[in-house]
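Okay, model-v2.cif now, which holds mmCIF, C-alpha atoms:
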data_data
#
loop_
_atom_site.group_PDB
_atom_site.id
_atom_site.type_symbol
_atom_site.label_atom_id
_atom_site.label_comp_id
_atom_site.auth_asym_id
_atom_site.auth_seq_id
_atom_site.Cartn_x
_atom_site.Cartn_y
_atom_site.Cartn_z
ATOM 1 C CA MET A 1 39.091 -24.397 -1.558
ATOM 2 C CA THR A 2 41.557 -21.601 -0.928
ATOM 3 C CA ASP A 3 41.026 -18.790 1.532
ATOM 4 C CA GLU A 4 40.413 -16.366 -1.347
ATOM 5 C CA THR A 5 37.261 -18.170 -2.552
ATOM 6 C CA VAL A 6 35.643 -18.530 0.870
ATOM 7 C CA PRO A 7 33.010 -15.785 1.128
ATOM 8 C CA SER A 8 33.608 -13.206 3.794
ATOM 9 C CA ASP A 9 30.926 -11.978 6.169
ATOM 10 C CA ILE A 10 31.818 -8.384 5.298
ATOM 11 C CA PRO A 11 30.515 -6.934 2.022
ATOM 12 C CA THR A 12 33.057 -5.545 -0.418
ATOM 13 C CA SER A 13 33.183 -1.857 -1.269
ATOM 14 C CA ARG A 14 31.829 -2.783 -4.729
ATOM 15 C CA MET A 15 28.790 -4.402 -3.083
ATOM 16 C CA LEU A 16 28.157 -1.352 -0.903
ATOM 17 C CA SER A 17 28.541 1.016 -3.845
ATOM 18 C CA TRP A 18 26.076 -1.083 -5.840
ATOM 19 C CA ALA A 19 23.640 -1.099 -2.878
ATOM 20 C CA ARG A 20 23.801 2.707 -2.621
ATOM 21 C CA ASN A 21 23.207 3.168 -6.368
ATOM 22 C CA SER A 22 20.454 0.561 -6.451
ATOM 23 C CA THR A 23 18.718 2.232 -3.505
ATOM 24 C CA VAL A 24 18.787 5.621 -5.213
ATOM 25 C CA TYR A 25 17.511 4.085 -8.452
ATOM 26 C CA ARG A 26 14.586 2.347 -6.738
ATOM 27 C CA LEU A 27 13.505 5.198 -4.492
ATOM 28 C CA GLU A 28 13.653 7.758 -7.292
ATOM 29 C CA ARG A 29 10.985 5.780 -9.099
ATOM 30 C CA ARG A 30 8.536 4.985 -6.289
ATOM 31 C CA MET A 31 7.991 5.040 -2.561
ATOM 32 C CA MET A 32 8.875 1.837 -0.784
ATOM 33 C CA THR A 33 8.640 0.529 2.746
ATOM 34 C CA GLU A 34 11.729 -0.506 4.649
ATOM 35 C CA LYS A 35 10.798 -4.165 4.146
ATOM 36 C CA GLN A 36 10.236 -3.710 0.398
ATOM 37 C CA LEU A 37 13.632 -2.038 -0.020
ATOM 38 C CA PHE A 38 15.395 -4.656 2.126
ATOM 39 C CA ASP A 39 13.778 -7.506 0.168
ATOM 40 C CA ALA A 40 14.472 -5.925 -3.238
ATOM 41 C CA ILE A 41 18.146 -5.275 -2.455
ATOM 42 C CA THR A 42 18.539 -8.800 -1.054
ATOM 43 C CA ARG A 43 16.916 -10.386 -4.114
ATOM 44 C CA LYS A 44 18.958 -8.360 -6.617
ATOM 45 C CA ALA A 45 22.236 -8.783 -4.710
ATOM 46 C CA LYS A 46 21.810 -12.576 -4.899
ATOM 47 C CA GLU A 47 21.520 -12.251 -8.690
ATOM 48 C CA LYS A 48 24.331 -9.722 -9.087
ATOM 49 C CA PHE A 49 27.025 -11.147 -6.821
ATOM 50 C CA GLU A 50 27.801 -14.802 -7.361
ATOM 51 C CA GLY A 51 28.763 -16.568 -4.148
ATOM 52 C CA ILE A 52 27.574 -13.795 -1.829
ATOM 53 C CA SER A 53 27.167 -15.108 1.709
ATOM 54 C CA ALA A 54 23.999 -14.781 3.790
ATOM 55 C CA ALA A 55 25.843 -12.447 6.173
ATOM 56 C CA GLN A 56 26.974 -10.263 3.262
ATOM 57 C CA LEU A 57 23.431 -10.200 1.864
ATOM 58 C CA LYS A 58 22.048 -9.007 5.175
ATOM 59 C CA ALA A 59 24.829 -6.429 5.582
ATOM 60 C CA VAL A 60 24.274 -5.056 2.046
ATOM 61 C CA ALA A 61 20.499 -4.801 2.560
ATOM 62 C CA ASP A 62 20.956 -3.215 6.013
ATOM 63 C CA PHE A 63 23.410 -0.739 4.477
ATOM 64 C CA ALA A 64 20.852 0.179 1.782
ATOM 65 C CA VAL A 65 18.100 0.752 4.343
ATOM 66 C CA LYS A 66 20.396 2.845 6.569
ATOM 67 C CA PHE A 67 21.549 4.858 3.535
ATOM 68 C CA ALA A 68 17.907 5.552 2.610
ATOM 69 C CA TYR A 69 17.027 6.640 6.157
ATOM 70 C CA ASP A 70 20.155 8.799 6.437
ATOM 71 C CA ASN A 71 19.128 10.599 3.234
ATOM 72 C CA LYS A 72 15.509 10.892 4.380
ATOM 73 C CA VAL A 73 14.094 9.050 1.358
ATOM 74 C CA LEU A 74 12.615 6.129 3.288
ATOM 75 C CA ASP A 75 9.747 6.720 5.693
ATOM 76 C CA ASP A 76 7.240 3.969 6.497
ATOM 77 C CA HIS A 77 4.939 6.467 8.241
ATOM 78 C CA ALA A 78 4.723 8.690 5.138
ATOM 79 C CA TYR A 79 4.312 5.595 2.951
ATOM 80 C CA ALA A 80 1.386 4.429 5.093
ATOM 81 C CA GLU A 81 -0.250 7.885 5.013
ATOM 82 C CA VAL A 82 0.040 8.282 1.240
ATOM 83 C CA SER A 83 -1.038 4.703 0.528
ATOM 84 C CA THR A 84 -4.030 5.019 2.855
ATOM 85 C CA ARG A 85 -5.297 8.223 1.252
ATOM 86 C CA ALA A 86 -4.954 6.740 -2.228
ATOM 87 C CA ALA A 87 -6.630 3.479 -1.230
ATOM 88 C CA VAL A 88 -9.600 5.225 0.414
ATOM 89 C CA ARG A 89 -10.046 7.345 -2.729
ATOM 90 C CA GLY A 90 -9.978 4.063 -4.650
ATOM 91 C CA GLY A 91 -12.784 2.531 -2.580
ATOM 92 C CA LYS A 92 -10.716 0.322 -0.250
ATOM 93 C CA SER A 93 -11.853 -0.398 3.313
ATOM 94 C CA LYS A 94 -9.748 0.266 6.398
ATOM 95 C CA ARG A 95 -9.442 -3.482 6.932
ATOM 96 C CA ALA A 96 -8.183 -4.086 3.372
ATOM 97 C CA ILE A 97 -5.744 -1.175 3.649
ATOM 98 C CA ALA A 98 -4.389 -2.441 6.980
ATOM 99 C CA GLN A 99 -3.824 -5.921 5.532
ATOM 100 C CA LYS A 100 -2.012 -4.558 2.491
ATOM 101 C CA LEU A 101 0.231 -2.271 4.553
ATOM 102 C CA ALA A 102 1.035 -5.092 6.986
ATOM 103 C CA ALA A 103 1.978 -7.326 4.050
ATOM 104 C CA LYS A 104 4.360 -4.598 2.869
ATOM 105 C CA GLY A 105 6.052 -4.568 6.261
ATOM 106 C CA VAL A 106 4.588 -1.412 7.796
ATOM 107 C CA SER A 107 4.369 -1.733 11.583
ATOM 108 C CA SER A 108 0.924 -1.938 13.159
ATOM 109 C CA ASP A 109 1.359 1.322 15.093
ATOM 110 C CA LYS A 110 2.130 3.224 11.867
ATOM 111 C CA VAL A 111 -0.828 1.553 10.142
ATOM 112 C CA GLU A 112 -3.095 2.550 13.024
ATOM 113 C CA VAL A 113 -2.000 6.196 12.799
ATOM 114 C CA ALA A 114 -2.445 6.248 9.018
ATOM 115 C CA LEU A 115 -5.975 4.839 9.291
ATOM 116 C CA GLU A 116 -7.161 7.357 11.912
ATOM 117 C CA ASP A 117 -8.656 9.744 9.355
ATOM 118 C CA ALA A 118 -9.759 7.109 6.834
ATOM 119 C CA ASP A 119 -13.504 7.171 6.216
ATOM 120 C CA ASP A 120 -15.013 3.741 5.513
ATOM 121 C CA LEU A 121 -18.394 5.253 4.543
ATOM 122 C CA TYR A 122 -16.732 7.403 1.872
ATOM 123 C CA ALA A 123 -14.637 4.456 0.640
ATOM 124 C CA ALA A 124 -17.722 2.210 0.520
ATOM 125 C CA ALA A 125 -19.601 4.827 -1.527
ATOM 126 C CA ILE A 126 -16.667 4.991 -3.968
ATOM 127 C CA PHE A 127 -16.590 1.174 -4.095
ATOM 128 C CA ALA A 128 -20.339 1.096 -4.816
ATOM 129 C CA ARG A 129 -19.964 3.657 -7.597
ATOM 130 C CA LYS A 130 -17.084 1.721 -9.186
ATOM 131 C CA ARG A 131 -19.042 -1.542 -9.102
ATOM 132 C CA ALA A 132 -22.458 -0.007 -9.919
ATOM 133 C CA PHE A 133 -23.894 -1.254 -6.613
ATOM 134 C CA GLY A 134 -26.549 0.162 -4.316
ATOM 135 C CA PRO A 135 -27.480 3.712 -5.306
ATOM 136 C CA PHE A 136 -25.421 3.414 -8.508
ATOM 137 C CA ARG A 137 -27.126 0.197 -9.664
ATOM 138 C CA ARG A 138 -28.237 0.193 -13.306
ATOM 139 C CA VAL A 139 -30.220 -3.040 -13.243
ATOM 140 C CA GLU A 140 -33.291 -4.260 -11.391
ATOM 141 C CA LEU A 141 -32.695 -5.462 -7.829
ATOM 142 C CA ASP A 142 -33.599 -9.071 -7.055
ATOM 143 C CA GLU A 143 -32.577 -11.338 -4.167
ATOM 144 C CA LYS A 144 -29.591 -12.762 -6.056
ATOM 145 C CA ARG A 145 -28.306 -9.261 -6.898
ATOM 146 C CA LYS A 146 -28.873 -8.082 -3.316
ATOM 147 C CA ALA A 147 -26.842 -11.000 -1.929
ATOM 148 C CA LYS A 148 -24.095 -10.399 -4.489
ATOM 149 C CA GLU A 149 -23.774 -6.705 -3.635
ATOM 150 C CA LEU A 150 -23.878 -7.111 0.144
ATOM 151 C CA SER A 151 -21.371 -9.966 0.075
ATOM 152 C CA ALA A 152 -19.042 -7.902 -2.152
ATOM 153 C CA PHE A 153 -18.956 -5.172 0.503
ATOM 154 C CA ALA A 154 -18.084 -7.797 3.135
ATOM 155 C CA ARG A 155 -15.404 -9.475 0.987
ATOM 156 C CA ASN A 156 -13.777 -6.102 0.485
ATOM 157 C CA GLY A 157 -13.487 -5.491 4.227
ATOM 158 C CA PHE A 158 -16.472 -3.243 4.907
ATOM 159 C CA SER A 159 -18.576 -3.939 7.989
ATOM 160 C CA PHE A 160 -22.115 -5.184 7.500
ATOM 161 C CA ASP A 161 -23.473 -1.868 8.819
ATOM 162 C CA ILE A 162 -21.420 0.219 6.364
ATOM 163 C CA GLY A 163 -22.266 -2.062 3.445
ATOM 164 C CA ARG A 164 -25.972 -2.042 4.287
ATOM 165 C CA LYS A 165 -25.978 1.743 4.761
ATOM 166 C CA VAL A 166 -24.434 2.419 1.333
ATOM 167 C CA PHE A 167 -26.560 -0.304 -0.276
ATOM 168 C CA GLU A 168 -29.742 1.426 0.959
ATOM 169 C CA MET A 169 -28.671 5.024 0.207
ATOM 170 C CA SER A 170 -30.324 7.143 -2.429
ATOM 171 C CA PHE A 171 -28.182 8.265 -5.360
ATOM 172 C CA GLU A 172 -28.199 11.848 -4.020
ATOM 173 C CA ASP A 173 -27.110 10.774 -0.531
ATOM 174 C CA ALA A 174 -24.286 8.666 -1.941
ATOM 175 C CA GLU A 175 -23.088 11.542 -4.142
ATOM 176 C CA GLU A 176 -23.213 13.821 -1.098
ATOM 177 C CA VAL A 177 -21.040 11.394 0.903
ATOM 178 C CA ILE A 178 -18.531 11.286 -1.957
ATOM 179 C CA LEU A 179 -18.467 15.077 -2.363
ATOM 180 C CA ALA A 180 -18.090 15.576 1.396
ATOM 181 C CA GLY A 181 -15.209 13.086 1.468
ATOM 182 C CA ARG A 182 -13.455 14.851 -1.393
ATOM 183 C CA SER A 183 -13.789 18.238 0.251
ATOM 184 C CA LEU A 184 -11.996 16.894 3.330
ATOM 185 C CA ALA A 185 -9.007 15.691 1.291
ATOM 186 C CA PRO A 186 -6.032 18.052 1.315
ATOM 187 C CA GLN A 187 -5.786 20.067 -1.918
ATOM 188 C CA HIS A 188 -2.240 18.969 -2.770
ATOM 189 C CA GLN A 189 -3.241 15.303 -2.477
ATOM 190 C CA ARG A 190 -5.862 15.353 -5.230
ATOM 191 C CA SER A 191 -5.078 14.442 -8.785
#
As structure tokens, how would this structure be written, given the file I've shared?
Amino acid sequence: MTDETVPSDIPTSRMLSWARNSTVYRLERRMMTEKQLFDAITRKAKEKFEGISAAQLKAVADFAVKFAYDNKVLDDHAYAEVSTRAAVRGGKSKRAIAQKLAAKGVSSDKVEVALEDADDLYAAAIFARKRAFGPFRRVELDEKRKAKELSAFARNGFSFDIGRKVFEMSFEDAEEVILAGRSLAPQHQRS
């Protein structure tokens, strides 16, 4: 092997240019966490550049993340806030949201801040409406159905108390919880 074919630890200017362009391309299309961007750039750089060294891979991915931060297009705190609001509106529990954000690489302190205003009762009412549970049930309640509904709340991260409360609500009370939750959402966030 000659010295020219031994991979360097320093990425080439072509690699850095590609990383910059790839970062712009990805972040124009959707929000990402720092970890998601780092992993995506690493994965694609392995495919694009034959013989790229581990040190070069890390340097290219670090460059992409720094470029995104420098241009203020990467913000894990904003990602956590937006994802949390959308997930609550979709009927996801705080626990499920926290697990998903952690899996995407958002730090626990940012997750905690994002979840401060999340309302599990509202999310559970939305979940019940989506699944036709509790006050939204369209079939007769029997013991098997009761167990199914209550265990579904638990599997989806809602506490027993929240699940039981929504399960036992009247249709009107559940609708009121949903309307109250919507009225608290910022106007520009709704779709």
Could you write out as a ChimeraX atom specification the residues that the PyMOL selection byres ((chain A and resi 116-121) around 9) matches in the shown file?
/A:84-85,88,91-94,111-115,122-126,158-159,162-163,165-166,177-178,181
Grab the residues selected above and save them as a tab-separated table (two decimals), keeping the file's coordinate frame with C-alpha atoms.
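File again_24.tsv, as written:
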chain	number	residue	atom	x	y	z
A	84	THR	CA	-4.03	5.02	2.86
A	85	ARG	CA	-5.30	8.22	1.25
A	88	VAL	CA	-9.60	5.22	0.41
A	91	GLY	CA	-12.78	2.53	-2.58
A	92	LYS	CA	-10.72	0.32	-0.25
A	93	SER	CA	-11.85	-0.40	3.31
A	94	LYS	CA	-9.75	0.27	6.40
A	111	VAL	CA	-0.83	1.55	10.14
A	112	GLU	CA	-3.10	2.55	13.02
A	113	VAL	CA	-2.00	6.20	12.80
A	114	ALA	CA	-2.44	6.25	9.02
A	115	LEU	CA	-5.98	4.84	9.29
A	122	TYR	CA	-16.73	7.40	1.87
A	123	ALA	CA	-14.64	4.46	0.64
A	124	ALA	CA	-17.72	2.21	0.52
A	125	ALA	CA	-19.60	4.83	-1.53
A	126	ILE	CA	-16.67	4.99	-3.97
A	158	PHE	CA	-16.47	-3.24	4.91
A	159	SER	CA	-18.58	-3.94	7.99
A	162	ILE	CA	-21.42	0.22	6.36
A	163	GLY	CA	-22.27	-2.06	3.44
A	165	LYS	CA	-25.98	1.74	4.76
A	166	VAL	CA	-24.43	2.42	1.33
A	177	VAL	CA	-21.04	11.39	0.90
A	178	ILE	CA	-18.53	11.29	-1.96
A	181	GLY	CA	-15.21	13.09	1.47
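Using only C-alpha atoms, the set of residues no farther than 7 Å from the position (2.7, 1.4, 10.7) comprises Asp76, His77, Ala80, Val106, Ser107, Ser108, Asp109, Lys110, Val111 and Glu112 of chain A.
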How about saving the chosen residues, C-alpha atoms kept, as an mmCIF file, in the frame of the given file?
data_model
loop_
_atom_site.group_PDB
_atom_site.id
_atom_site.type_symbol
_atom_site.label_atom_id
_atom_site.label_comp_id
_atom_site.auth_asym_id
_atom_site.auth_seq_id
_atom_site.Cartn_x
_atom_site.Cartn_y
_atom_site.Cartn_z
ATOM 1 C CA ASP A 76 7.240 3.969 6.497
ATOM 2 C CA HIS A 77 4.939 6.467 8.241
ATOM 3 C CA ALA A 80 1.386 4.429 5.093
ATOM 4 C CA VAL A 106 4.588 -1.412 7.796
ATOM 5 C CA SER A 107 4.369 -1.733 11.583
ATOM 6 C CA SER A 108 0.924 -1.938 13.159
ATOM 7 C CA ASP A 109 1.359 1.322 15.093
ATOM 8 C CA LYS A 110 2.130 3.224 11.867
ATOM 9 C CA VAL A 111 -0.828 1.553 10.142
ATOM 10 C CA GLU A 112 -3.095 2.550 13.024
#
Pick from A:Phe127, A:Phe136, A:Phe67, A:Phe171, whichever lies nearest to Phe153 of chain A using all atoms listed in the file
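Between A:Phe127, A:Phe136, A:Phe67, A:Phe171, the residue approaching Phe153 of chain A most closely is A:Phe127.
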To test your reading of the syntax: which residues would the PyMOL selection byres ((chain A and resi 150) around 8) return for the file shown? Reply as a PyMOL selection string.
chain A and resi 146-149+151-154+160+163-164+167
For Asp75 of chain A, the closest of A:Pro135, A:Gly157, A:Leu16, A:Lys35 counting all atoms listed in the file is A:Lys35
Near-segment 23-33 of chain A list (10 Å; only C-alpha atoms; drop same-chain fewer than 5 positions) as a PyMOL selection string:
chain A and resi 17-18+38-41+61+63-65+67-68+71+73-80+82-83+101+104-106
Could those selected residues go to a file with C-alpha atoms, as a PDB file, in the coordinates of the input?
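New file again33.pdb:
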ATOM      1  CA  SER A  17      28.541   1.016  -3.845  1.00  0.00           C
ATOM      2  CA  TRP A  18      26.076  -1.083  -5.840  1.00  0.00           C
ATOM      3  CA  PHE A  38      15.395  -4.656   2.126  1.00  0.00           C
ATOM      4  CA  ASP A  39      13.778  -7.506   0.168  1.00  0.00           C
ATOM      5  CA  ALA A  40      14.472  -5.925  -3.238  1.00  0.00           C
ATOM      6  CA  ILE A  41      18.146  -5.275  -2.455  1.00  0.00           C
ATOM      7  CA  ALA A  61      20.499  -4.801   2.560  1.00  0.00           C
ATOM      8  CA  PHE A  63      23.410  -0.739   4.477  1.00  0.00           C
ATOM      9  CA  ALA A  64      20.852   0.179   1.782  1.00  0.00           C
ATOM     10  CA  VAL A  65      18.100   0.752   4.343  1.00  0.00           C
ATOM     11  CA  PHE A  67      21.549   4.858   3.535  1.00  0.00           C
ATOM     12  CA  ALA A  68      17.907   5.552   2.610  1.00  0.00           C
ATOM     13  CA  ASN A  71      19.128  10.599   3.234  1.00  0.00           C
ATOM     14  CA  VAL A  73      14.094   9.050   1.358  1.00  0.00           C
ATOM     15  CA  LEU A  74      12.615   6.129   3.288  1.00  0.00           C
ATOM     16  CA  ASP A  75       9.747   6.720   5.693  1.00  0.00           C
ATOM     17  CA  ASP A  76       7.240   3.969   6.497  1.00  0.00           C
ATOM     18  CA  HIS A  77       4.939   6.467   8.241  1.00  0.00           C
ATOM     19  CA  ALA A  78       4.723   8.690   5.138  1.00  0.00           C
ATOM     20  CA  TYR A  79       4.312   5.595   2.951  1.00  0.00           C
ATOM     21  CA  ALA A  80       1.386   4.429   5.093  1.00  0.00           C
ATOM     22  CA  VAL A  82       0.040   8.282   1.240  1.00  0.00           C
ATOM     23  CA  SER A  83      -1.038   4.703   0.528  1.00  0.00           C
ATOM     24  CA  LEU A 101       0.231  -2.271   4.553  1.00  0.00           C
ATOM     25  CA  LYS A 104       4.360  -4.598   2.869  1.00  0.00           C
ATOM     26  CA  GLY A 105       6.052  -4.568   6.261  1.00  0.00           C
ATOM     27  CA  VAL A 106       4.588  -1.412   7.796  1.00  0.00           C
TER      28      VAL A 106
END
